[in-house]
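Chemist: Data file input.cif (mmCIF, C-alpha atoms and all ligand atoms) is appended below.
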data_start
loop_
_atom_site.group_PDB
_atom_site.id
_atom_site.type_symbol
_atom_site.label_atom_id
_atom_site.label_comp_id
_atom_site.auth_asym_id
_atom_site.auth_seq_id
_atom_site.Cartn_x
_atom_site.Cartn_y
_atom_site.Cartn_z
ATOM 1 C CA MET P 75 6.436 6.799 -0.224
ATOM 2 C CA GLU P 76 3.153 8.246 -1.281
ATOM 3 C CA LEU P 77 -0.362 6.852 -1.183
ATOM 4 C CA GLN P 78 -3.120 7.694 -3.605
ATOM 5 C CA PHE P 79 -6.665 6.429 -3.289
ATOM 6 C CA LEU P 80 -8.314 5.780 -6.660
ATOM 7 C CA GLY P 81 -11.517 4.321 -5.247
ATOM 8 C CA THR P 82 -12.877 4.547 -1.719
ATOM 9 C CA GLY P 83 -16.442 3.267 -2.101
ATOM 10 C CA ALA P 84 -18.030 0.062 -0.826
ATOM 11 C CA GLY P 85 -19.843 -2.535 -2.929
ATOM 12 C CA MET P 86 -20.644 -0.506 -6.027
ATOM 13 C CA PRO P 87 -19.547 2.798 -7.494
ATOM 14 C CA SER P 88 -21.351 6.035 -6.709
ATOM 15 C CA LYS P 89 -20.881 9.470 -8.224
ATOM 16 C CA GLN P 90 -18.626 10.388 -5.323
ATOM 17 C CA ARG P 91 -16.710 7.181 -4.806
ATOM 18 C CA ASN P 92 -15.436 4.536 -7.189
ATOM 19 C CA THR P 93 -14.812 0.982 -5.962
ATOM 20 C CA SER P 94 -11.619 -0.067 -4.196
ATOM 21 C CA ALA P 95 -8.162 0.730 -5.505
ATOM 22 C CA LEU P 96 -5.208 2.103 -3.591
ATOM 23 C CA VAL P 97 -1.838 3.019 -5.051
ATOM 24 C CA VAL P 98 1.381 2.836 -3.051
ATOM 25 C CA LYS P 99 3.838 4.996 -4.966
ATOM 26 C CA LEU P 100 7.439 3.861 -4.655
ATOM 27 C CA MET P 101 8.895 6.119 -7.320
ATOM 28 C CA GLN P 102 11.831 7.215 -5.166
ATOM 29 C CA GLU P 103 12.369 3.777 -3.656
ATOM 30 C CA ARG P 104 12.148 1.671 -6.843
ATOM 31 C CA GLY P 105 10.758 3.737 -9.717
ATOM 32 C CA THR P 106 7.434 1.889 -9.709
ATOM 33 C CA PHE P 107 4.055 1.799 -7.992
ATOM 34 C CA TRP P 108 2.033 -1.008 -6.448
ATOM 35 C CA LEU P 109 -1.741 -1.335 -6.593
ATOM 36 C CA PHE P 110 -3.906 -2.777 -3.835
ATOM 37 C CA ASP P 111 -7.243 -3.986 -5.232
ATOM 38 C CA CYS P 112 -8.576 -2.994 -8.611
ATOM 39 C CA GLY P 113 -12.288 -2.211 -8.632
ATOM 40 C CA GLU P 114 -14.114 -1.578 -11.893
ATOM 41 C CA ALA P 115 -12.871 1.482 -13.814
ATOM 42 C CA THR P 116 -9.631 1.755 -11.867
ATOM 43 C CA GLN P 117 -7.922 2.531 -15.175
ATOM 44 C CA HIS P 118 -10.379 5.388 -15.771
ATOM 45 C CA GLN P 119 -9.530 6.784 -12.356
ATOM 46 C CA MET P 120 -5.850 6.506 -13.206
ATOM 47 C CA LEU P 121 -6.391 8.766 -16.222
ATOM 48 C CA HIS P 122 -7.068 11.624 -13.798
ATOM 49 C CA THR P 123 -3.667 11.161 -12.156
ATOM 50 C CA SER P 124 -0.044 11.215 -13.263
ATOM 51 C CA LEU P 125 0.230 7.421 -12.882
ATOM 52 C CA LYS P 126 1.554 5.514 -15.891
ATOM 53 C CA PRO P 127 0.331 1.892 -16.142
ATOM 54 C CA ARG P 128 3.703 0.737 -17.421
ATOM 55 C CA LYS P 129 5.211 1.752 -14.060
ATOM 56 C CA LEU P 130 2.832 -0.630 -12.305
ATOM 57 C CA GLU P 131 4.994 -3.392 -10.847
ATOM 58 C CA LYS P 132 2.751 -5.400 -8.500
ATOM 59 C CA ILE P 133 -0.947 -5.826 -7.830
ATOM 60 C CA PHE P 134 -2.185 -7.181 -4.519
ATOM 61 C CA ILE P 135 -5.784 -8.421 -4.359
ATOM 62 C CA THR P 136 -7.434 -8.744 -0.947
ATOM 63 C CA HIS P 137 -10.381 -10.892 -2.061
ATOM 64 C CA MET P 138 -12.455 -11.968 -5.033
ATOM 65 C CA HIS P 139 -15.508 -9.706 -4.611
ATOM 66 C CA GLY P 140 -16.266 -7.745 -7.765
ATOM 67 C CA ASP P 141 -15.788 -4.329 -6.182
ATOM 68 C CA HIS P 142 -12.125 -5.300 -5.672
ATOM 69 C CA ILE P 143 -11.262 -7.070 -8.953
ATOM 70 C CA TYR P 144 -13.541 -6.044 -11.844
ATOM 71 C CA GLY P 145 -11.052 -3.452 -13.068
ATOM 72 C CA LEU P 146 -8.249 -5.944 -13.620
ATOM 73 C CA PRO P 147 -8.739 -7.219 -17.199
ATOM 74 C CA GLY P 148 -9.115 -3.712 -18.638
ATOM 75 C CA LEU P 149 -6.126 -2.362 -16.778
ATOM 76 C CA LEU P 150 -3.947 -5.310 -17.820
ATOM 77 C CA GLY P 151 -4.964 -4.842 -21.461
ATOM 78 C CA SER P 152 -4.328 -1.091 -21.430
ATOM 79 C CA ARG P 153 -0.945 -1.557 -19.796
ATOM 80 C CA SER P 154 -0.032 -3.662 -22.814
ATOM 81 C CA PHE P 155 -1.398 -1.101 -25.325
ATOM 82 C CA LEU P 156 0.488 1.630 -23.491
ATOM 83 C CA ASP P 157 3.783 -0.123 -24.079
ATOM 84 C CA GLY P 158 4.122 -1.867 -20.735
ATOM 85 C CA LYS P 159 6.834 -4.455 -21.304
ATOM 86 C CA GLU P 160 8.136 -5.163 -17.823
ATOM 87 C CA PRO P 161 6.716 -8.252 -16.093
ATOM 88 C CA LEU P 162 3.892 -7.709 -13.625
ATOM 89 C CA THR P 163 3.149 -9.830 -10.564
ATOM 90 C CA ILE P 164 -0.348 -10.319 -9.196
ATOM 91 C CA TYR P 165 -0.771 -11.618 -5.653
ATOM 92 C CA GLY P 166 -4.219 -12.755 -4.618
ATOM 93 C CA PRO P 167 -6.467 -15.491 -3.276
ATOM 94 C CA THR P 168 -7.025 -18.839 -4.964
ATOM 95 C CA GLY P 169 -8.969 -18.319 -8.177
ATOM 96 C CA ILE P 170 -7.410 -15.025 -9.235
ATOM 97 C CA GLN P 171 -5.223 -16.686 -11.859
ATOM 98 C CA GLU P 172 -8.062 -18.741 -13.362
ATOM 99 C CA TRP P 173 -10.363 -15.719 -13.457
ATOM 100 C CA ILE P 174 -7.863 -13.459 -15.211
ATOM 101 C CA LEU P 175 -6.513 -16.054 -17.643
ATOM 102 C CA THR P 176 -10.042 -17.136 -18.605
ATOM 103 C CA THR P 177 -11.114 -13.538 -19.231
ATOM 104 C CA LEU P 178 -8.008 -12.771 -21.279
ATOM 105 C CA ARG P 179 -8.363 -15.991 -23.285
ATOM 106 C CA LEU P 180 -12.075 -15.616 -24.097
ATOM 107 C CA SER P 181 -11.692 -11.949 -25.018
ATOM 108 C CA LYS P 182 -8.599 -12.777 -27.066
ATOM 109 C CA THR P 183 -6.559 -10.228 -25.166
ATOM 110 C CA TYR P 184 -2.845 -10.790 -25.694
ATOM 111 C CA LEU P 185 -0.444 -9.053 -23.354
ATOM 112 C CA GLN P 186 3.017 -8.085 -24.511
ATOM 113 C CA TYR P 187 4.446 -8.607 -21.045
ATOM 114 C CA LYS P 188 4.580 -11.537 -18.653
ATOM 115 C CA VAL P 189 2.149 -11.775 -15.758
ATOM 116 C CA ASN P 190 3.311 -13.805 -12.775
ATOM 117 C CA PHE P 191 0.596 -15.055 -10.445
ATOM 118 C CA VAL P 192 1.127 -15.774 -6.787
ATOM 119 C CA GLU P 193 -1.914 -17.360 -5.175
ATOM 120 C CA ILE P 194 -1.257 -16.553 -1.568
ATOM 121 C CA THR P 195 -1.582 -18.112 1.842
ATOM 122 C CA GLU P 196 -0.741 -16.462 5.134
ATOM 123 C CA GLY P 197 2.848 -15.403 5.762
ATOM 124 C CA ILE P 198 5.560 -13.542 3.853
ATOM 125 C CA ILE P 199 4.452 -13.379 0.222
ATOM 126 C CA PHE P 200 7.198 -11.092 -1.097
ATOM 127 C CA GLU P 201 10.659 -10.123 0.057
ATOM 128 C CA ASP P 202 13.646 -8.419 -1.528
ATOM 129 C CA GLU P 203 16.465 -6.217 -0.248
ATOM 130 C CA GLN P 204 14.055 -3.271 0.189
ATOM 131 C CA PHE P 205 10.686 -4.636 1.291
ATOM 132 C CA THR P 206 8.723 -7.467 2.831
ATOM 133 C CA VAL P 207 5.011 -8.004 2.314
ATOM 134 C CA GLU P 208 3.135 -10.233 4.716
ATOM 135 C CA ALA P 209 -0.420 -11.498 4.211
ATOM 136 C CA LYS P 210 -2.909 -12.498 6.873
ATOM 137 C CA LEU P 211 -6.477 -13.792 6.612
ATOM 138 C CA LEU P 212 -9.110 -11.435 7.986
ATOM 139 C CA HIS P 213 -12.794 -12.119 8.764
ATOM 140 C CA HIS P 214 -15.018 -11.378 5.777
ATOM 141 C CA VAL P 215 -17.756 -13.492 4.142
ATOM 142 C CA ILE P 216 -15.252 -15.056 1.712
ATOM 143 C CA PRO P 217 -11.468 -15.484 2.197
ATOM 144 C CA CYS P 218 -9.993 -11.995 2.428
ATOM 145 C CA PHE P 219 -6.436 -10.920 3.170
ATOM 146 C CA GLY P 220 -4.771 -7.960 4.785
ATOM 147 C CA PHE P 221 -1.256 -6.955 3.727
ATOM 148 C CA ARG P 222 1.558 -5.512 5.750
ATOM 149 C CA VAL P 223 4.193 -3.702 3.716
ATOM 150 C CA SER P 224 7.455 -3.141 5.592
ATOM 151 C CA GLN P 225 10.397 -1.245 4.237
ATOM 152 C CA LYS P 226 13.759 -2.463 5.484
ATOM 153 C CA PRO P 227 16.024 0.048 7.263
ATOM 154 C CA LEU P 228 17.636 2.401 4.791
ATOM 155 C CA PRO P 229 21.433 2.222 4.443
ATOM 156 C CA PRO P 230 23.446 4.760 6.429
ATOM 157 C CA GLN P 231 24.090 8.005 4.621
ATOM 158 C CA LEU P 232 27.670 8.973 3.891
ATOM 159 C CA LEU P 233 28.456 12.540 4.982
ATOM 160 C CA ILE P 234 30.726 13.105 2.029
ATOM 161 C CA GLU P 235 32.037 16.569 2.979
ATOM 162 C CA LYS P 236 32.971 15.327 6.415
ATOM 163 C CA ALA P 237 34.736 12.278 4.990
ATOM 164 C CA LEU P 238 36.754 14.393 2.549
ATOM 165 C CA GLN P 239 37.678 16.818 5.307
ATOM 166 C CA SER P 240 38.977 13.880 7.339
ATOM 167 C CA GLY P 241 41.428 13.239 4.530
ATOM 168 C CA VAL P 242 39.681 10.308 2.866
ATOM 169 C CA PRO P 243 40.478 10.349 -0.855
ATOM 170 C CA LYS P 244 37.697 9.971 -3.421
ATOM 171 C CA GLY P 245 37.341 6.308 -4.390
ATOM 172 C CA PRO P 246 36.699 2.901 -2.824
ATOM 173 C CA LEU P 247 37.477 3.971 0.764
ATOM 174 C CA LEU P 248 34.333 6.126 0.725
ATOM 175 C CA ALA P 249 32.240 3.090 -0.170
ATOM 176 C CA GLN P 250 33.808 1.117 2.692
ATOM 177 C CA LEU P 251 32.972 3.874 5.159
ATOM 178 C CA LYS P 252 29.404 3.981 3.869
ATOM 179 C CA ASN P 253 29.158 0.226 4.398
ATOM 180 C CA GLY P 254 30.125 0.571 8.037
ATOM 181 C CA GLN P 255 33.818 -0.299 7.769
ATOM 182 C CA ASP P 256 36.502 1.853 9.383
ATOM 183 C CA VAL P 257 39.466 2.661 7.125
ATOM 184 C CA ILE P 258 43.136 3.439 7.647
ATOM 185 C CA LEU P 259 44.548 6.234 5.507
ATOM 186 C CA GLU P 260 48.030 6.217 3.964
ATOM 187 C CA ASN P 261 49.313 8.444 6.785
ATOM 188 C CA GLY P 262 48.245 5.789 9.294
ATOM 189 C CA GLN P 263 45.276 7.738 10.599
ATOM 190 C CA THR P 264 42.047 5.754 11.206
ATOM 191 C CA VAL P 265 38.732 7.188 10.029
ATOM 192 C CA PHE P 266 35.747 5.668 11.787
ATOM 193 C CA SER P 267 32.635 4.940 9.775
ATOM 194 C CA HIS P 268 30.307 6.199 12.512
ATOM 195 C CA ASP P 269 32.053 9.599 12.415
ATOM 196 C CA VAL P 270 31.306 10.191 8.733
ATOM 197 C CA THR P 271 27.886 8.557 8.304
ATOM 198 C CA ALA P 272 24.401 9.455 9.457
ATOM 199 C CA LYS P 273 22.440 6.684 11.134
ATOM 200 C CA ALA P 274 20.142 4.523 8.988
ATOM 201 C CA GLU P 275 16.569 5.708 8.994
ATOM 202 C CA ASP P 276 13.839 3.243 9.931
ATOM 203 C CA GLY P 277 11.805 2.094 6.975
ATOM 204 C CA PHE P 278 8.077 2.755 6.851
ATOM 205 C CA SER P 279 5.335 0.197 7.420
ATOM 206 C CA LEU P 280 1.746 0.052 6.246
ATOM 207 C CA ALA P 281 -1.120 -2.307 6.957
ATOM 208 C CA ILE P 282 -3.599 -2.383 4.076
ATOM 209 C CA LEU P 283 -6.584 -4.399 5.195
ATOM 210 C CA GLY P 284 -9.307 -5.777 2.959
ATOM 211 C CA ASP P 285 -12.995 -6.042 3.825
ATOM 212 C CA THR P 286 -13.376 -7.398 7.342
ATOM 213 C CA ARG P 287 -15.260 -7.547 10.579
ATOM 214 C CA PHE P 288 -13.427 -6.289 13.617
ATOM 215 C CA CYS P 289 -10.904 -9.055 14.306
ATOM 216 C CA GLN P 290 -7.707 -9.855 16.163
ATOM 217 C CA ALA P 291 -5.941 -10.696 12.874
ATOM 218 C CA SER P 292 -6.211 -7.031 11.814
ATOM 219 C CA ILE P 293 -4.634 -5.943 15.075
ATOM 220 C CA ASP P 294 -1.856 -8.531 14.861
ATOM 221 C CA LEU P 295 -0.960 -7.597 11.286
ATOM 222 C CA SER P 296 -0.968 -3.865 12.063
ATOM 223 C CA GLN P 297 1.335 -3.896 15.107
ATOM 224 C CA ASN P 298 3.100 -0.511 15.369
ATOM 225 C CA VAL P 299 2.681 0.392 11.710
ATOM 226 C CA ASP P 300 2.954 3.984 10.526
ATOM 227 C CA ILE P 301 -0.408 3.815 8.801
ATOM 228 C CA VAL P 302 -3.254 1.340 9.021
ATOM 229 C CA ILE P 303 -5.722 1.501 6.157
ATOM 230 C CA HIS P 304 -8.996 -0.030 7.245
ATOM 231 C CA GLU P 305 -12.488 -0.281 5.834
ATOM 232 C CA ALA P 306 -15.332 1.637 7.498
ATOM 233 C CA THR P 307 -18.452 0.528 5.666
ATOM 234 C CA PHE P 308 -20.726 1.391 8.588
ATOM 235 C CA ASP P 309 -21.028 4.206 11.082
ATOM 236 C CA ALA P 310 -20.764 4.076 14.863
ATOM 237 C CA GLY P 311 -23.448 2.146 16.692
ATOM 238 C CA THR P 312 -24.323 -0.192 13.820
ATOM 239 C CA GLU P 313 -21.887 -2.957 14.824
ATOM 240 C CA GLU P 314 -24.614 -5.619 14.884
ATOM 241 C CA LEU P 315 -25.680 -4.649 11.378
ATOM 242 C CA ALA P 316 -22.118 -4.665 10.050
ATOM 243 C CA LYS P 317 -21.188 -8.088 11.374
ATOM 244 C CA PRO P 318 -23.313 -10.411 9.174
ATOM 245 C CA TYR P 319 -22.037 -8.558 6.088
ATOM 246 C CA GLY P 320 -18.453 -9.109 7.200
ATOM 247 C CA HIS P 321 -17.812 -5.389 7.583
ATOM 248 C CA SER P 322 -16.717 -2.890 10.247
ATOM 249 C CA THR P 323 -17.826 0.427 11.629
ATOM 250 C CA ILE P 324 -15.649 3.514 11.886
ATOM 251 C CA THR P 325 -15.295 2.945 15.629
ATOM 252 C CA GLN P 326 -14.096 -0.612 15.086
ATOM 253 C CA ALA P 327 -11.540 0.614 12.545
ATOM 254 C CA ALA P 328 -10.342 3.117 15.150
ATOM 255 C CA GLN P 329 -10.185 0.324 17.734
ATOM 256 C CA VAL P 330 -7.874 -1.696 15.451
ATOM 257 C CA ALA P 331 -5.569 1.317 15.034
ATOM 258 C CA LYS P 332 -5.539 1.897 18.786
ATOM 259 C CA GLU P 333 -4.938 -1.700 19.851
ATOM 260 C CA SER P 334 -2.217 -2.249 17.271
ATOM 261 C CA GLY P 335 -0.257 0.836 18.322
ATOM 262 C CA ALA P 336 -0.455 2.317 14.812
ATOM 263 C CA LYS P 337 0.454 5.974 14.339
ATOM 264 C CA HIS P 338 -2.233 6.907 11.825
ATOM 265 C CA LEU P 339 -5.499 5.509 10.512
ATOM 266 C CA ILE P 340 -6.970 6.139 7.073
ATOM 267 C CA VAL P 341 -10.399 4.653 6.426
ATOM 268 C CA GLN P 342 -11.851 3.743 3.047
ATOM 269 C CA HIS P 343 -14.587 1.425 1.639
ATOM 270 C CA ILE P 344 -17.196 3.993 2.639
ATOM 271 C CA SER P 345 -20.850 3.232 1.924
ATOM 272 C CA ALA P 346 -22.662 5.363 -0.682
ATOM 273 C CA ARG P 347 -25.182 6.139 2.069
ATOM 274 C CA PHE P 348 -22.642 8.573 3.461
ATOM 275 C CA LEU P 349 -22.345 11.671 1.317
ATOM 276 C CA PRO P 350 -19.106 13.673 1.306
ATOM 277 C CA SER P 351 -20.708 16.004 3.837
ATOM 278 C CA HIS P 352 -20.910 13.069 6.270
ATOM 279 C CA ALA P 353 -17.180 12.352 6.178
ATOM 280 C CA GLU P 354 -16.370 14.750 8.989
ATOM 281 C CA GLU P 355 -19.112 13.266 11.142
ATOM 282 C CA LEU P 356 -17.724 9.766 10.543
ATOM 283 C CA ARG P 357 -14.244 10.963 11.434
ATOM 284 C CA LYS P 358 -15.482 12.463 14.681
ATOM 285 C CA GLN P 359 -17.137 9.183 15.647
ATOM 286 C CA GLY P 360 -13.767 7.448 15.339
ATOM 287 C CA LEU P 361 -11.848 10.225 17.096
ATOM 288 C CA SER P 362 -13.298 9.237 20.449
ATOM 289 C CA VAL P 363 -11.237 6.025 20.131
ATOM 290 C CA PHE P 364 -8.127 7.023 18.132
ATOM 291 C CA PRO P 365 -6.599 10.481 17.613
ATOM 292 C CA SER P 366 -5.274 10.424 14.049
ATOM 293 C CA ILE P 367 -8.028 9.520 11.581
ATOM 294 C CA THR P 368 -8.540 10.500 7.972
ATOM 295 C CA VAL P 369 -11.581 9.522 5.922
ATOM 296 C CA ALA P 370 -10.164 9.055 2.425
ATOM 297 C CA GLU P 371 -11.914 10.206 -0.704
ATOM 298 C CA ASP P 372 -11.152 9.321 -4.315
ATOM 299 C CA PHE P 373 -7.851 10.809 -5.538
ATOM 300 C CA ALA P 374 -6.729 11.839 -2.035
ATOM 301 C CA GLU P 375 -2.952 11.688 -1.963
ATOM 302 C CA PHE P 376 -0.719 11.415 1.075
ATOM 303 C CA GLU P 377 2.986 11.455 1.758
ATOM 304 C CA LEU P 378 4.741 9.711 4.603
ATOM 305 C CA LYS P 379 8.096 11.316 5.297
ATOM 306 C CA HIS P 380 10.183 10.953 8.458
ATOM 307 C CA ASN P 381 7.180 9.288 10.150
ATOM 308 C CA GLU P 382 4.918 12.224 9.352
ATOM 309 C CA LEU P 383 1.755 11.764 7.345
ATOM 310 C CA ASN P 384 0.746 14.703 5.191
ATOM 311 C CA ARG P 385 -1.985 15.285 2.667
ATOM 312 C CA ILE P 386 -0.318 16.463 -0.555
ATOM 313 C CA ASN P 387 -3.293 17.406 -2.685
ATOM 314 C CA SER P 388 -6.720 18.771 -1.899
HETATM 315 ZN ZN ZN D 401 -15.801 -4.553 -0.833
HETATM 316 ZN ZN ZN D 402 -16.030 -7.911 0.079
#
Since I need it in another form, could you write the structure as structure tokens?
Ligand SMILES: [Zn+2]
Ligand SMILES: [Zn+2]

Modeler:
Amino acid sequence: MELQFLGTGAGMPSKQRNTSALVVKLMQERGTFWLFDCGEATQHQMLHTSLKPRKLEKIFITHMHGDHIYGLPGLLGSRSFLDGKEPLTIYGPTGIQEWILTTLRLSKTYLQYKVNFVEITEGIIFEDEQFTVEAKLLHHVIPCFGFRVSQKPLPPQLLIEKALQSGVPKGPLLAQLKNGQDVILENGQTVFSHDVTAKAEDGFSLAILGDTRFCQASIDLSQNVDIVIHEATFDAGTEELAKPYGHSTITQAAQVAKESGAKHLIVQHISARFLPSHAEELRKQGLSVFPSITVAEDFAEFELKHNELNRINS
């Protein structure tokens, strides 16, 4: 799994930061990517990456503020022009369907693929054999959700050389061993599945939180995740200022990561008041609370592999 931030700014775009959009790349897991929020010009940002809109499978919208949704109609239209034919599912708060369908209708935009809408409430909003996605209401000035993406444990790996050496012939017995069943060979010898498989790896988990004040819901949703992605619209010491706007400071974001037992914190939704040169200062403010903090910038790309978070571009 890889993460790429397409927009890390708060409220409106600046030269340094576009408005919110975060890509969760699942190319290895399912050959697609998912998008979390879609601020204005998200499709322009995508042009600077290797992302192909037709590989976009799901869009999750945290809330209906413009800096999180104004990029949707354009992206949906371009996906159609660029030969996107696979259905796309959009998960978001009440109103997302009406807003998109009205815009598409009045602009006479016809998509050559099907869009499924899921207007969400709290709880599990998506589940298949690989993933679950859970939504929880946070504390912003309008209804705003956080999402927890959990990958299910990966199947055990068959150690094929070892199995063949144990005398297992190529064919269906190998599949049985991989599925955890012991097998008896023609010569009467038993081969145990646990001897020829490597243990299933834990799946990864992410909490991607929308705009919010510091709140218990963020902590509950982020319990023990590998990465919590939290807004940090304000800097340390301005908690009283942040609260009426429904936003958090960097220290509060760090507090959520700490109290939830998360391994890493990446902050985004950074105010244009903070220039790139301030990012390190912001990070240091949070470090007093939580040890693993990254202040994301547009196009920053990360990889999570075997529980380790690494930056993969600069
Ligand atoms: Zn916002
Ligand atoms: Zn907002």

Chemist: How big is the axis-aligned box around the listed atoms of region 85-89 of chain P once 5 Å is added on each side, and where is its centre? Give both in Å to one decimal, as AutoDock Vina command-line options.

Modeler:
--center_x -20.4 --center_y 3.5 --center_z -5.6 --size_x 11.8 --size_y 22.0 --size_z 15.3

Chemist: Can you build me a table of chain P residues sitting at most 10 Å from ligand ZN 402 (chain D), with the closest atom pair per residue and its distance in Å to one decimal, using only C-alpha atoms and all ligand atoms, sorted by chain and residue number, as a tab-separated table?

Modeler:
residue	atom	partner	partner_atom	distance
P:Ala84	CA	D:ZN402	ZN	8.3
P:Gly85	CA	D:ZN402	ZN	7.2
P:Ser94	CA	D:ZN402	ZN	10.0
P:Thr136	CA	D:ZN402	ZN	8.7
P:His137	CA	D:ZN402	ZN	6.7
P:Met138	CA	D:ZN402	ZN	7.4
P:His139	CA	D:ZN402	ZN	5.0
P:Gly140	CA	D:ZN402	ZN	7.8
P:Asp141	CA	D:ZN402	ZN	7.2
P:His142	CA	D:ZN402	ZN	7.4
P:His214	CA	D:ZN402	ZN	6.7
P:Val215	CA	D:ZN402	ZN	7.1
P:Ile216	CA	D:ZN402	ZN	7.4
P:Pro217	CA	D:ZN402	ZN	9.1
P:Cys218	CA	D:ZN402	ZN	7.7
P:Gly284	CA	D:ZN402	ZN	7.6
P:Asp285	CA	D:ZN402	ZN	5.2
P:Thr286	CA	D:ZN402	ZN	7.7
P:Tyr319	CA	D:ZN402	ZN	8.5
P:Gly320	CA	D:ZN402	ZN	7.6
P:His321	CA	D:ZN402	ZN	8.1
P:His343	CA	D:ZN402	ZN	9.6

Chemist: With distances taken over all atoms listed in the file, which residue among P:Glu305, P:Glu131, P:Glu160, P:Asp300 lies nearest ligand ZN 401 (chain D)?

Modeler: P:Glu305

Chemist: Could you work out how far CA of Val302 (chain P) lies from CA of Ser88 (chain P), giving the answer in Å with one decimal?

Modeler: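 Atom-to-atom, CA of Ser88 (chain P) to CA of Val302 (chain P), that is 24.4 Å.
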
Chemist: Might you pull out every residue within 7 Å of region 276-281 of chain P, with only C-alpha atoms counted and same-chain residues fewer than 6 positions away left off, and present them as JSON, numbers by chain?

Modeler: {"P": [221, 222, 223, 224, 225, 226, 227, 228, 295, 296, 299, 300, 301, 302, 303]}

Chemist: With all atoms listed in the file counted, which protein, DNA or RNA residues have an atom no more than 12 Å from (26.1, 6.4, 4.8) in the file frame? Please answer as a list of chain:residue names.

Modeler: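 The residues near that point, listed by chain and number, are P:Leu228, P:Pro229, P:Pro230, P:Gln231, P:Leu232, P:Leu233, P:Ile234, P:Glu235, P:Lys236, P:Ala237, P:Leu248, P:Ala249, P:Gln250, P:Leu251, P:Lys252, P:Asn253, P:Gly254, P:Gln255, P:Phe266, P:Ser267, P:His268, P:Asp269, P:Val270, P:Thr271, P:Ala272, P:Lys273, P:Ala274, P:Glu275.
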
Chemist: What is the distance, in Å and to one decimal place, between CA of Asn381 (chain P) and CA of Phe79 (chain P)?

Modeler: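 Computing the Euclidean distance for CA of Asn381 (chain P) and CA of Phe79 (chain P) yields 19.5 Å.
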
Chemist: Which one of P:Ile340, P:Leu349, P:Leu185, P:Ile199 sits closest to Gln78 (chain P) if you count only C-alpha atoms?

Modeler: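 The shortest atom-to-atom distance to Gln78 (chain P) comes from P:Ile340.
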
Chemist: Env of Ile344 (chain P): 6 Å cut, atoms = all atoms listed in the file, seq-sep filter 2 positions within chain, self excluded. Answer as a list in words.

Modeler: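 With the cut-off at 6 Å, the set is Gly83, Ala84, Ala306, Thr307 and Gln342 of chain P.
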
Chemist: For the atom pair CA of Val363 (chain P) and CA of Met75 (chain P), what is the interatomic distance in Å to one decimal place?

Modeler: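 Those two atoms sit 27.0 Å apart.
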
Chemist: Considering all atoms listed in the file, state which residue in the set P:Ile324, P:Ile194, P:Leu383, P:Leu378 is at the smallest distance from Ala353 (chain P).

Modeler: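 Among P:Ile324, P:Ile194, P:Leu383, P:Leu378, it is P:Ile324 that comes nearest to Ala353 (chain P).
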
Chemist: Rank P:Ile170, P:Leu283, P:Lys332, P:Thr176 by their smallest atom-to-atom distance to ligand ZN 401 (chain D), using only C-alpha atoms and all ligand atoms, and report the top residue only.

Modeler: P:Leu283

Chemist: May I ask which of the residues P:Ser388, P:Leu125, P:Glu114, P:Met120 is the closest one to Lys99 (chain P), counting all atoms listed in the file?

Modeler: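 Ranking P:Ser388, P:Leu125, P:Glu114, P:Met120 by distance to Lys99 (chain P), first place goes to P:Leu125.
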